[in-house]
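Shown below: input.txt, with compact mmCIF, C-alpha atoms.
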```txt
# COMPACT_ATOMS: atom_id res chain seq x y z
CA MET A 388 49.25 -64.77 -92.77
CA ARG A 389 52.35 -66.94 -92.37
CA PRO A 390 53.78 -68.28 -95.68
CA HIS A 391 53.45 -71.97 -94.82
CA ARG A 392 49.81 -71.48 -93.82
CA ARG A 393 49.10 -69.70 -97.10
CA TYR A 394 50.73 -72.53 -99.05
CA ARG A 395 48.83 -75.07 -97.00
CA THR A 396 45.55 -73.39 -97.96
CA PHE A 397 46.43 -73.38 -101.64
CA LEU A 398 47.62 -76.98 -101.45
CA PHE A 399 44.43 -77.97 -99.67
CA ILE A 400 42.23 -76.29 -102.28
CA ALA A 401 44.32 -77.65 -105.16
CA ALA A 402 44.02 -81.17 -103.72
CA ALA A 403 40.27 -80.73 -103.30
CA LEU A 404 39.84 -79.50 -106.87
CA LEU A 405 42.02 -82.38 -108.13
CA LEU A 406 39.76 -84.75 -106.24
CA THR A 407 36.70 -83.17 -107.85
CA VAL A 408 38.13 -83.45 -111.33
CA SER A 409 39.06 -87.09 -110.64
CA VAL A 410 35.56 -87.86 -109.37
CA LEU A 411 34.02 -86.11 -112.38
CA SER A 412 36.17 -88.03 -114.85
CA LEU A 413 35.39 -91.30 -113.05
CA SER A 414 31.72 -90.33 -113.21
CA LEU A 415 31.87 -89.73 -116.95
CA LYS A 416 33.48 -93.18 -117.33
CA ARG A 417 30.69 -94.62 -115.18
CA ALA A 418 33.13 -96.14 -112.67
CA PRO A 419 31.45 -98.79 -110.46
CA ILE A 420 33.11 -97.40 -107.32
CA LEU A 421 31.17 -94.14 -107.66
CA LYS A 422 27.93 -96.03 -108.07
CA LYS A 423 28.74 -97.88 -104.86
CA VAL A 424 29.46 -94.63 -103.02
CA GLU A 425 26.26 -93.10 -104.40
CA GLY A 426 24.27 -96.19 -103.44
CA MET A 427 25.74 -96.09 -99.95
CA VAL A 428 24.84 -92.40 -99.45
CA VAL A 429 21.29 -93.00 -100.71
CA SER A 430 20.90 -96.13 -98.57
CA LEU A 431 22.05 -94.18 -95.53
CA THR A 432 19.94 -91.08 -96.04
CA ALA A 433 16.84 -92.23 -97.93
CA PRO A 434 15.31 -94.26 -95.05
CA GLY A 435 15.25 -91.09 -92.91
CA LEU A 436 13.67 -89.18 -95.76
CA GLN A 437 11.18 -91.97 -96.38
CA GLY A 438 10.30 -92.17 -92.68
CA LEU A 439 9.84 -88.41 -92.40
CA HIS A 440 7.79 -88.43 -95.61
CA TYR A 441 5.37 -90.98 -94.19
CA LEU A 442 5.37 -89.27 -90.79
CA GLY A 443 4.54 -85.98 -92.49
CA ARG A 444 1.65 -87.55 -94.36
CA MET A 445 0.37 -89.11 -91.15
CA VAL A 446 0.59 -85.83 -89.25
CA LYS A 447 -1.12 -84.05 -92.14
CA GLY A 448 -3.88 -86.64 -92.10
CA VAL A 449 -4.37 -86.23 -88.35
CA TRP A 450 -4.30 -82.45 -88.70
CA GLU A 451 -6.85 -82.38 -91.50
CA GLY A 452 -9.03 -85.03 -89.92
CA TYR A 453 -9.02 -83.84 -86.33
CA PHE A 454 -7.59 -80.45 -85.46
CA ALA A 455 -9.46 -78.66 -88.22
CA LEU A 456 -12.66 -79.50 -86.38
CA LEU A 457 -11.74 -77.85 -83.08
CA GLU A 458 -13.81 -74.75 -83.88
CA VAL A 459 -16.88 -76.91 -84.37
CA ARG A 460 -16.38 -78.37 -80.91
CA GLN A 461 -16.43 -74.91 -79.41
CA GLU A 462 -19.72 -74.10 -81.12
CA ASN A 463 -21.51 -77.24 -80.15
CA THR A 464 -19.86 -79.70 -77.83
CA ALA A 465 -22.66 -82.21 -78.03
CA LEU A 466 -22.58 -82.46 -81.81
CA LYS A 467 -18.84 -82.24 -82.02
CA ARG A 468 -18.18 -85.85 -81.14
CA ARG A 469 -20.47 -87.14 -83.83
CA LEU A 470 -19.28 -84.61 -86.34
CA GLU A 471 -15.74 -85.63 -85.54
CA GLU A 472 -16.57 -89.24 -86.16
CA TYR A 473 -18.22 -88.40 -89.45
CA ALA A 474 -15.40 -86.11 -90.43
CA GLN A 475 -12.87 -88.79 -89.61
CA LYS A 476 -14.84 -91.26 -91.65
CA GLU A 477 -15.26 -88.74 -94.45
CA VAL A 478 -11.52 -88.10 -94.54
CA SER A 479 -10.89 -91.85 -94.53
CA TYR A 480 -13.48 -92.39 -97.27
CA GLN A 481 -12.14 -89.54 -99.34
CA GLU A 482 -8.60 -90.79 -98.90
CA ALA A 483 -9.70 -94.33 -99.77
CA LEU A 484 -11.70 -93.06 -102.75
CA GLN A 485 -8.81 -91.04 -104.05
CA ALA A 486 -6.44 -93.96 -103.54
CA LEU A 487 -8.94 -96.21 -105.31
CA GLN A 488 -9.21 -93.81 -108.24
CA ARG A 489 -5.45 -93.52 -108.48
CA LEU A 490 -4.97 -97.26 -108.25
CA GLU A 491 -7.80 -97.85 -110.71
CA GLY A 492 -6.07 -95.52 -113.13
CA LEU A 493 -2.79 -97.32 -112.63
CA LEU A 494 -4.52 -100.66 -113.11
CA ASN A 495 -6.06 -99.47 -116.37
CA LEU A 496 -2.66 -98.26 -117.46
CA LYS A 497 -1.12 -101.59 -116.46
CA ARG A 498 -3.72 -103.37 -118.61
CA GLN A 499 -2.97 -101.03 -121.50
CA LEU A 500 0.74 -101.65 -121.36
CA ALA A 501 1.78 -104.88 -122.95
CA GLN A 502 4.55 -105.34 -120.38
CA PRO A 503 4.82 -106.15 -116.69
CA VAL A 504 5.14 -103.21 -114.33
CA ILE A 505 6.28 -102.48 -110.80
CA GLY A 506 4.29 -100.09 -108.62
CA ALA A 507 6.39 -97.54 -106.76
CA HIS A 508 6.09 -94.45 -104.56
CA VAL A 509 8.09 -91.28 -105.06
CA ILE A 510 9.86 -90.63 -101.75
CA ALA A 511 12.23 -87.78 -102.60
CA TYR A 512 13.26 -85.24 -105.22
CA ASP A 513 16.47 -83.46 -106.01
CA PRO A 514 15.61 -80.10 -104.41
CA SER A 515 18.14 -78.14 -106.45
CA LEU A 516 17.26 -76.43 -109.72
CA TRP A 517 20.23 -77.97 -111.46
CA SER A 518 18.65 -81.32 -112.22
CA ARG A 519 15.14 -82.71 -112.17
CA CYS A 520 14.96 -86.20 -110.76
CA ALA A 521 13.01 -88.22 -108.23
CA MET A 522 13.81 -91.15 -105.95
CA LEU A 523 11.54 -94.22 -105.92
CA ASP A 524 11.10 -96.71 -103.08
CA GLN A 525 11.68 -99.68 -105.42
CA GLY A 526 15.14 -100.74 -106.55
CA GLN A 527 17.31 -103.60 -107.76
CA ASP A 528 15.83 -105.93 -105.14
CA HIS A 529 12.41 -105.42 -106.74
CA GLY A 530 13.58 -105.87 -110.33
CA VAL A 531 14.06 -102.24 -111.32
CA LYS A 532 16.83 -101.74 -113.87
CA THR A 533 18.50 -98.73 -115.44
CA GLY A 534 16.74 -97.48 -118.56
CA MET A 535 13.25 -98.62 -117.58
CA PRO A 536 10.55 -96.02 -118.30
CA VAL A 537 8.43 -94.67 -115.45
CA VAL A 538 4.82 -93.70 -116.09
CA ALA A 539 1.87 -92.31 -114.14
CA VAL A 540 -1.83 -92.35 -114.92
CA GLU A 541 -1.65 -89.05 -116.79
CA GLY A 542 1.41 -89.88 -118.84
CA ILE A 543 5.15 -90.37 -118.93
CA VAL A 544 7.22 -89.37 -115.91
CA GLY A 545 10.78 -90.21 -116.96
CA ARG A 546 13.23 -93.09 -116.96
CA VAL A 547 15.35 -94.87 -114.39
CA VAL A 548 18.95 -93.65 -114.50
CA GLU A 549 20.37 -95.31 -111.38
CA THR A 550 19.36 -98.26 -109.26
CA TYR A 551 20.31 -99.16 -105.72
CA PRO A 552 19.27 -102.18 -103.63
CA GLY A 553 16.09 -100.60 -102.27
CA TYR A 554 15.76 -97.42 -104.26
CA SER A 555 16.07 -96.07 -107.78
CA LYS A 556 16.65 -92.65 -109.31
CA VAL A 557 14.41 -91.38 -112.09
CA MET A 558 15.39 -88.62 -114.49
CA LEU A 559 12.19 -86.67 -115.17
CA ILE A 560 11.29 -85.70 -118.74
CA VAL A 561 11.82 -82.03 -117.81
CA ASP A 562 15.49 -82.56 -116.90
CA ARG A 563 17.85 -80.83 -119.30
CA ASN A 564 19.58 -84.15 -120.02
CA SER A 565 16.32 -85.85 -120.96
CA GLY A 566 15.54 -86.33 -124.64
CA ALA A 567 13.04 -88.60 -126.40
CA ASP A 568 11.46 -89.08 -129.79
CA ALA A 569 7.93 -87.66 -129.73
CA MET A 570 5.08 -86.88 -132.10
CA VAL A 571 2.12 -84.55 -132.23
CA GLN A 572 -1.01 -86.69 -132.03
CA ARG A 573 -3.18 -84.64 -134.42
CA THR A 574 -0.74 -84.33 -137.31
CA ARG A 575 1.81 -87.12 -136.52
CA VAL A 576 4.60 -84.55 -136.82
CA ARG A 577 7.71 -85.85 -135.09
CA GLY A 578 10.41 -84.12 -133.10
CA ILE A 579 12.73 -84.54 -130.15
CA LEU A 580 11.20 -83.78 -126.77
CA GLN A 581 13.92 -82.09 -124.74
CA GLY A 582 13.68 -81.20 -121.05
CA ARG A 583 14.26 -77.55 -120.22
CA GLY A 584 15.16 -77.86 -116.57
CA THR A 585 12.09 -75.97 -115.37
CA ASN A 586 8.58 -77.45 -115.50
CA ARG A 587 8.53 -77.39 -119.28
CA CYS A 588 9.90 -79.33 -122.23
CA SER A 589 10.53 -78.25 -125.78
CA LEU A 590 9.75 -80.15 -128.96
CA ASP A 591 12.81 -79.57 -131.10
CA TYR A 592 13.63 -80.09 -134.78
CA VAL A 593 10.08 -79.54 -136.04
CA PRO A 594 10.13 -77.63 -139.36
CA LYS A 595 8.25 -74.34 -139.59
CA THR A 596 6.09 -75.83 -142.31
CA ALA A 597 4.70 -78.46 -139.93
CA ASP A 598 1.23 -77.92 -138.47
CA VAL A 599 1.49 -77.67 -134.68
CA GLN A 600 -1.02 -75.74 -132.58
CA ILE A 601 -1.42 -74.85 -128.91
CA GLY A 602 -3.32 -77.60 -127.14
CA ASP A 603 -2.05 -80.43 -129.36
CA LEU A 604 -1.20 -83.62 -127.49
CA VAL A 605 2.41 -84.76 -127.67
CA LEU A 606 2.89 -88.52 -127.49
CA ALA A 607 5.82 -90.90 -127.36
CA SER A 608 6.57 -92.14 -130.86
CA GLY A 609 8.05 -95.42 -129.62
CA LEU A 610 11.23 -94.83 -131.60
CA GLY A 611 14.36 -95.08 -129.51
CA GLY A 612 12.80 -97.89 -127.56
CA VAL A 613 12.65 -96.15 -124.20
CA TYR A 614 9.11 -94.87 -123.75
CA PRO A 615 5.92 -96.79 -124.55
CA LYS A 616 4.47 -95.74 -127.90
CA GLY A 617 1.30 -93.72 -127.62
CA LEU A 618 1.69 -92.60 -124.02
CA VAL A 619 1.27 -88.90 -123.34
CA PHE A 620 4.21 -86.59 -122.73
CA GLY A 621 2.07 -83.46 -122.45
CA THR A 622 0.36 -80.71 -124.41
CA VAL A 623 1.73 -77.94 -126.58
CA SER A 624 1.57 -74.71 -124.57
CA ALA A 625 3.35 -72.30 -126.94
CA VAL A 626 4.42 -72.19 -130.59
CA ASN A 627 6.83 -69.66 -132.09
CA LYS A 628 7.48 -69.59 -135.82
CA LYS A 629 8.98 -66.10 -135.87
CA ASN A 630 12.37 -67.20 -134.60
CA PRO A 631 15.33 -67.37 -136.97
CA GLY A 632 16.20 -70.74 -138.51
CA VAL A 633 14.23 -73.52 -140.15
CA PHE A 634 12.70 -75.04 -137.03
CA GLN A 635 9.87 -73.67 -134.94
CA GLU A 636 10.05 -73.29 -131.15
CA ILE A 637 7.47 -75.46 -129.43
CA GLU A 638 6.94 -75.50 -125.69
CA VAL A 639 5.35 -78.58 -124.14
CA LEU A 640 3.67 -78.68 -120.73
CA PRO A 641 3.98 -82.14 -119.11
CA ALA A 642 0.74 -84.05 -118.60
CA MET A 643 1.06 -83.88 -114.82
CA ASP A 644 2.77 -81.87 -112.13
CA LEU A 645 6.11 -83.65 -111.99
CA SER A 646 6.88 -82.06 -108.63
CA ALA A 647 3.90 -83.68 -106.91
CA LEU A 648 4.06 -87.30 -107.92
CA ASP A 649 2.88 -90.08 -105.64
CA GLU A 650 2.26 -93.51 -107.15
CA VAL A 651 4.01 -94.40 -110.40
CA LEU A 652 4.65 -97.52 -112.45
CA VAL A 653 8.04 -98.71 -113.58
CA VAL A 654 7.63 -100.57 -116.88
CA LYS A 655 9.84 -103.63 -116.64
CA VAL A 656 10.93 -104.06 -120.22
CA VAL A 657 12.38 -101.60 -122.65
CA ASN A 658 11.11 -101.56 -126.28
CA LEU A 659 7.44 -101.44 -125.55
CA ALA A 660 4.16 -101.12 -127.33
CA ILE A 661 0.68 -100.23 -126.18
CA SER A 662 -1.62 -103.17 -126.82
CA GLU A 663 -4.26 -102.46 -129.41
CA LYS A 664 -7.76 -102.39 -127.94
CA MET B 505 37.51 -82.48 -85.59
CA THR B 506 35.04 -85.36 -85.67
CA ALA B 507 32.42 -83.66 -83.50
CA PRO B 508 32.14 -80.44 -85.56
CA PHE B 509 32.23 -82.44 -88.80
CA LEU B 510 29.36 -84.63 -87.62
CA LEU B 511 27.41 -81.67 -86.27
CA PHE B 512 27.66 -79.54 -89.42
CA THR B 513 27.02 -82.54 -91.67
CA LEU B 514 23.91 -83.41 -89.66
CA VAL B 515 22.73 -79.80 -89.87
CA GLY B 516 23.26 -80.01 -93.65
CA LEU B 517 21.34 -83.29 -93.79
CA GLY B 518 18.57 -81.61 -91.80
CA PHE B 519 18.45 -78.76 -94.35
CA PHE B 520 18.33 -81.31 -97.17
CA TYR B 521 15.40 -83.13 -95.52
CA LEU B 522 13.68 -79.79 -94.86
CA GLN B 523 14.04 -78.74 -98.49
CA ASN B 524 12.79 -82.09 -99.75
CA LEU B 525 9.84 -82.51 -97.40
CA VAL B 526 8.69 -78.93 -96.74
CA PHE B 527 10.04 -76.47 -99.28
CA PHE B 528 9.95 -78.56 -102.47
CA PRO B 529 8.68 -77.68 -105.08
CA ASN B 530 7.50 -74.20 -104.18
CA VAL B 531 10.53 -72.76 -102.42
CA ARG B 532 14.01 -73.27 -103.83
CA LEU B 533 16.93 -72.17 -101.71
CA ARG B 534 20.62 -73.07 -101.66
CA LEU B 535 20.79 -73.73 -97.96
CA LEU B 536 23.59 -76.30 -98.22
CA ALA B 537 25.70 -73.92 -100.30
CA LEU B 538 25.17 -71.13 -97.78
CA LEU B 539 26.01 -73.43 -94.87
CA ILE B 540 29.25 -74.57 -96.50
CA PHE B 541 30.20 -70.98 -97.32
CA PHE B 542 29.80 -69.88 -93.70
CA VAL B 543 31.56 -72.96 -92.33
CA ALA B 544 34.43 -72.12 -94.70
CA LEU B 545 34.59 -68.60 -93.25
CA ARG B 546 35.41 -70.10 -89.85
CA PRO B 547 39.04 -70.83 -88.98
CA SER B 548 39.23 -74.56 -89.77
CA LEU B 549 39.80 -75.23 -93.48
CA ALA B 550 39.89 -78.99 -92.97
CA LEU B 551 36.42 -78.85 -91.41
CA ALA B 552 35.04 -76.78 -94.30
CA VAL B 553 36.48 -79.12 -96.94
CA SER B 554 35.27 -82.26 -95.18
CA VAL B 555 31.75 -80.87 -94.67
CA GLY B 556 31.76 -79.73 -98.32
CA LEU B 557 32.76 -83.21 -99.46
CA ALA B 558 30.11 -84.93 -97.34
CA LEU B 559 27.27 -82.63 -98.39
CA GLY B 560 28.47 -82.64 -102.00
CA LEU B 561 28.26 -86.43 -102.02
CA LEU B 562 24.77 -86.21 -100.52
CA GLN B 563 23.50 -83.77 -103.14
CA ASP B 564 25.22 -85.61 -105.99
CA SER B 565 23.59 -88.88 -104.93
CA TYR B 566 20.12 -87.40 -105.38
CA ALA B 567 20.82 -85.48 -108.61
CA ALA B 568 20.77 -86.62 -112.22
CA THR B 569 23.89 -84.65 -113.08
CA PRO B 570 27.36 -86.24 -113.43
CA PHE B 571 28.57 -87.41 -110.04
CA GLY B 572 30.99 -84.91 -108.55
CA LEU B 573 29.45 -81.75 -109.93
CA HIS B 574 27.81 -80.61 -106.69
CA LEU B 575 30.91 -81.69 -104.82
CA GLY B 576 33.05 -79.55 -107.11
CA THR B 577 30.88 -76.46 -106.80
CA PHE B 578 30.81 -76.84 -103.01
CA LEU B 579 34.60 -76.86 -103.01
CA VAL B 580 34.49 -73.75 -105.19
CA LEU B 581 32.42 -72.16 -102.42
CA VAL B 582 35.06 -73.15 -99.88
CA ALA B 583 37.80 -71.69 -102.07
CA THR B 584 35.81 -68.46 -102.53
CA ALA B 585 35.23 -68.17 -98.79
CA ARG B 586 38.93 -68.69 -98.05
CA PHE B 587 39.81 -66.08 -100.67
CA LEU B 588 37.38 -63.49 -99.33
CA ARG B 589 38.05 -64.18 -95.67
CA PRO B 590 41.25 -62.16 -95.23
CA ARG B 591 40.18 -59.53 -97.77
CA MET B 592 36.82 -58.37 -96.52
CA LEU B 593 35.63 -57.12 -93.18
CA LEU B 594 33.04 -59.78 -92.56
CA GLN B 595 31.68 -58.43 -89.27
CA LYS B 596 29.01 -56.35 -90.98
CA VAL B 597 25.80 -57.64 -92.49
CA GLY B 598 26.39 -55.78 -95.76
CA SER B 599 29.84 -57.31 -96.22
CA LEU B 600 28.49 -60.74 -95.34
CA MET B 601 25.72 -60.51 -97.90
CA LEU B 602 28.06 -59.15 -100.55
CA ALA B 603 30.49 -62.00 -99.92
CA SER B 604 27.63 -64.55 -100.00
CA LEU B 605 26.34 -63.08 -103.25
CA ALA B 606 29.81 -63.28 -104.80
CA ALA B 607 30.19 -66.90 -103.68
CA LEU B 608 26.78 -68.00 -104.96
CA VAL B 609 27.27 -66.23 -108.30
CA ILE B 610 30.71 -67.82 -108.72
CA GLN B 611 29.22 -71.21 -107.85
CA GLU B 612 26.48 -70.73 -110.47
CA ALA B 613 28.99 -69.55 -113.07
CA VAL B 614 31.26 -72.56 -112.48
CA TRP B 615 28.25 -74.86 -112.69
CA GLN B 616 27.05 -73.36 -115.96
CA LEU B 617 30.58 -73.45 -117.36
CA ILE B 618 31.02 -77.16 -116.57
CA MET B 619 27.56 -78.00 -117.94
CA THR B 620 28.22 -75.99 -121.11
CA VAL B 621 31.55 -77.78 -121.60
CA SER B 622 30.04 -81.21 -121.01
CA ARG B 623 26.88 -80.66 -123.07
CA GLY B 624 28.15 -78.55 -125.90
CA PRO B 625 27.79 -74.85 -126.60
CA SER B 626 24.12 -74.41 -125.78
CA LEU B 627 23.10 -71.65 -123.41
CA PRO B 628 20.62 -72.47 -120.65
CA PRO B 629 17.06 -71.18 -121.29
CA ALA B 630 16.39 -67.64 -120.14
CA ASP B 631 13.61 -68.67 -117.77
CA GLN B 632 15.94 -71.12 -116.07
CA LEU B 633 18.52 -68.40 -115.52
CA LYS B 634 15.77 -66.22 -114.10
CA TYR B 635 14.75 -68.92 -111.59
CA HIS B 636 18.38 -69.48 -110.64
CA GLY B 637 18.76 -65.74 -110.07
CA LEU B 638 15.68 -65.67 -107.85
CA GLU B 639 16.97 -68.71 -105.99
CA ILE B 640 20.25 -66.94 -105.31
CA LEU B 641 18.48 -63.78 -104.11
CA GLY B 642 16.19 -65.80 -101.83
CA THR B 643 19.17 -67.63 -100.41
CA LEU B 644 21.00 -64.37 -99.93
CA ALA B 645 18.24 -63.07 -97.67
CA LEU B 646 19.02 -65.91 -95.27
CA ALA B 647 22.75 -65.18 -95.11
CA PRO B 648 22.67 -63.27 -91.78
CA LEU B 649 20.62 -66.06 -90.16
CA MET B 650 23.01 -68.69 -91.45
CA ALA B 651 25.97 -66.70 -90.11
CA ILE B 652 24.33 -66.59 -86.68
CA LEU B 653 23.53 -70.31 -86.84
CA VAL B 654 27.08 -71.32 -87.76
CA LYS B 655 28.56 -69.02 -85.14
CA GLY B 656 26.12 -70.36 -82.53
CA LEU B 657 26.97 -73.96 -83.37
CA GLU B 658 30.65 -73.19 -83.13
CA ALA B 659 30.12 -71.52 -79.74
CA ALA B 660 28.25 -74.62 -78.57
CA LEU B 661 31.11 -76.81 -79.75
CA ARG B 662 33.59 -74.62 -77.85
CA ARG B 663 31.53 -75.06 -74.70
CA TRP B 664 31.83 -78.83 -75.22
CA GLY B 665 35.61 -78.49 -75.38
CA TRP B 666 36.32 -78.22 -79.12
CA ARG B 667 38.97 -75.69 -80.14
CA PRO B 668 39.44 -74.60 -83.76
CA PRO B 669 43.02 -74.49 -85.08
CA ARG B 670 45.02 -71.43 -84.02
CA GLU B 671 44.75 -68.50 -86.33
CA GLY B 672 47.28 -65.86 -87.33
CA ALA B 673 46.87 -62.15 -87.01
CA LEU B 674 44.19 -62.01 -89.69
CA SER B 675 41.78 -64.22 -87.80
CA VAL B 676 40.01 -61.09 -86.52
CA SER B 677 38.48 -60.60 -89.94
CA SER B 678 36.73 -63.94 -89.71
CA GLU B 679 34.70 -62.96 -86.65
CA LEU B 680 31.16 -62.49 -87.87
```

How does the structure come out when it is put into structure tokens?
Amino acid sequence: MRPHRRYRTFLFIAAALLLTVSVLSLSLKRAPILKKVEGMVVSLTAPGLQGLHYLGRMVKGVWEGYFALLEVRQENTALKRRLEEYAQKEVSYQEALQALQRLEGLLNLKRQLAQPVIGAHVIAYDPSLWSRCAMLDQGQDHGVKTGMPVVAVEGIVGRVVETYPGYSKVMLIVDRNSGADAMVQRTRVRGILQGRGTNRCSLDYVPKTADVQIGDLVLASGLGGVYPKGLVFGTVSAVNKKNPGVFQEIEVLPAMDLSALDEVLVVKVVNLAISEK
Amino acid sequence: MTAPFLLFTLVGLGFFYLQNLVFFPNVRLRLLALLIFFVALRPSLALAVSVGLALGLLQDSYAATPFGLHLGTFLVLVATARFLRPRMLLQKVGSLMLASLAALVIQEAVWQLIMTVSRGPSLPPADQLKYHGLEILGTLALAPLMAILVKGLEAALRRWGWRPPREGALSVSSEL
């Protein structure tokens, strides 16, 4: 390798690493320019993702509603047409029923929350294992702001960490950077619910003397002012008191599969409370 | 260099869409990392860095980590590829996989190091490390296919008139 080429490679890599360090330090200072770049990348790529997402759902619907019945046609051509019609209707009814149930659940939740909400669809996830976040199809233009909590029928999903004109980014409660004040419903024992990066959270800083059992519901305590008080984070799936130290190890399973979200609600105001029924 | 940059970036975008719409959440693979690594094994360093920057920005925009972290680790992959390129005989599948493994492990180590520095001295949970290990192994299995894809795309670009920058005597080692 010629010397100047070798130096060029090192210079190139050094410049690239310098750029990375600069971007990282700007990121830690929350520089607006980076937010603009990020917003631009999301605005350029998310519509394709959104379009493909809807196309995929449509193709899946057609597949499940039509092609799955091809074998029936072979068995009985005469009955096939009617069966197809019924199957199509059944799929439509089932889809409508499921949508109704989901929306009914969201409506009940909306009534429960003492604050206005924005309905949103999850259109994308960060596919890497390094962070757990989702992209919503509602953004600044719809009134979504950074810090707003995001909930689903089953419980808390996460909170908005970035907003763009038409989209917003939600950090899920299982992300390693996510932390919230939580309490065990049965005993009112409090701790910090910390994301573990996988599909689990941990309830930290709970003394070994505290009564926590597998199956206990873990709720938002309302302290910290991010998540609505009383909403469900998940259930205790493991308790370990044999570890060294004064605190027990508690594993919490989120109330829903956070990798398969569809409709969610963005709660418009921080510092919330569930209305008393 | 615009045509290869656009082509490889679009391929990366396609992988990102594929991961998001088809693989997620059941299959986790580092397809973008592998793509960048193999692009960096080709002669043009400028192409590898620019594709790494573009795909790093893409991944950073969808992640909840500090902006620039994916970008940084992608550039680490480029640096690793450029380091290994003249030192290993990368024509054989075994060498390719070994080099890919080294690159992915270094990428993971740099990532964990930066996260540990930024978050304080807390080790990642053991189950998370296990999943990351499985992700790396799964990605590794696709290394030969990715090498063929990158080489095929480069051959197609050559047919359309693109010529990579001239290489010195060691360029033989980069032929996959």

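Pairwise distance (atom CA of B:Leu633, atom CA of A:Lys556) equals 25.1 Å.
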
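In this comparison, which uses only C-alpha atoms, the residue of B:Gly637, B:Gly665, B:Gly576, B:Gly518 approaching chain A most closely is B:Gly576.
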
(request) Identify which of the residues A:Lys422, A:Lys628, A:Arg498, A:Arg575 lies closest to chain B, counting all atoms listed in the file when measuring atom-to-atom distances. (result)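 Smallest separation from chain B among the options: A:Lys422.
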
(request) Compile the residues of chain B that lie within 7 Å of chain A, evaluated using all atoms listed in the file, and express the compilation as JSON, numbers by chain. (result) {"B": [521, 523, 524, 525, 528, 529, 532, 562, 565, 566, 567, 568, 569, 570, 571, 572, 573, 575, 576, 579, 583, 632, 672, 673, 674]}

(message) One decimal, in Å: what's the spacing between atom CA of B:Phe512 and atom CA of A:Ile420?
(response)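 These atoms are spaced 25.9 Å apart.
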
(request) Would you mind reading off the distance between atom CA of B:Phe520 and atom CA of B:Asp564, one decimal, in Å? (result)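 Result for atom CA of B:Phe520 versus atom CA of B:Asp564: 12.0 Å, one decimal.
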
(request) Please write as a list in words the list of polymer residues whose atoms come within 9 Å of (32.0, -78.2, -88.1), counting all atoms listed in the file and keeping to the coordinates of the file. (result)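 Those within range, by chain then number, are Met505, Thr506, Ala507, Pro508, Phe509, Leu510, Leu511, Phe512, Thr513, Val543, Arg546, Ser548, Leu551, Ala552, Ser554, Val555, Val654, Leu657, Glu658 and Leu661 of chain B.
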
(message) Neighbouring residues of A:Gly534 were defined as those with any atom within 8 Å, considering all atoms listed in the file; residues of the same chain fewer than 2 positions away were excluded. Please report them as a list in words.
(response)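 Surrounding residues, per the criterion: Lys532, Pro536, Arg546, Val547, Val548, Val613 and Val657 of chain A.
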
Write the residues of the selection above to a file with C-alpha atoms, as a PDB file, in the frame of the given file.
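Output saved as again-v1.pdb:
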```
ATOM      1  CA  LYS A 532      16.830-101.740-113.870  1.00  0.00           C
ATOM      2  CA  PRO A 536      10.550 -96.020-118.300  1.00  0.00           C
ATOM      3  CA  ARG A 546      13.230 -93.090-116.960  1.00  0.00           C
ATOM      4  CA  VAL A 547      15.350 -94.870-114.390  1.00  0.00           C
ATOM      5  CA  VAL A 548      18.950 -93.650-114.500  1.00  0.00           C
ATOM      6  CA  VAL A 613      12.650 -96.150-124.200  1.00  0.00           C
ATOM      7  CA  VAL A 657      12.380-101.600-122.650  1.00  0.00           C
TER       8      VAL A 657
END
```

(request) Could you tell me which of A:Asp524, A:Glu472, A:Asp568, A:Glu482 comes closest to A:Gly438 if we count only C-alpha atoms? (result)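 Of A:Asp524, A:Glu472, A:Asp568, A:Glu482, the one nearest A:Gly438, counting only C-alpha atoms, is A:Asp524.
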
(message) I want to know what sits within 10 Å of B:Ala606, based on all atoms listed in the file, with residues of the same chain fewer than 5 positions away left out; could you give that as a list of chain:residue names?
(response)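 Surrounding residues, per the criterion: B:Leu581, B:Thr584, B:Ala585, B:Leu588, B:Leu600, B:Met601, B:Gln611, B:Glu612.
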
(request) Excluding stretch 629-643 of chain A and residues on its chain fewer than 5 positions from it, collect all residues at most 8 Å away from it, counting all atoms listed in the file, and give them as a ChimeraX atom specification. (result) /A:541-543,561,586-595,605,619-624
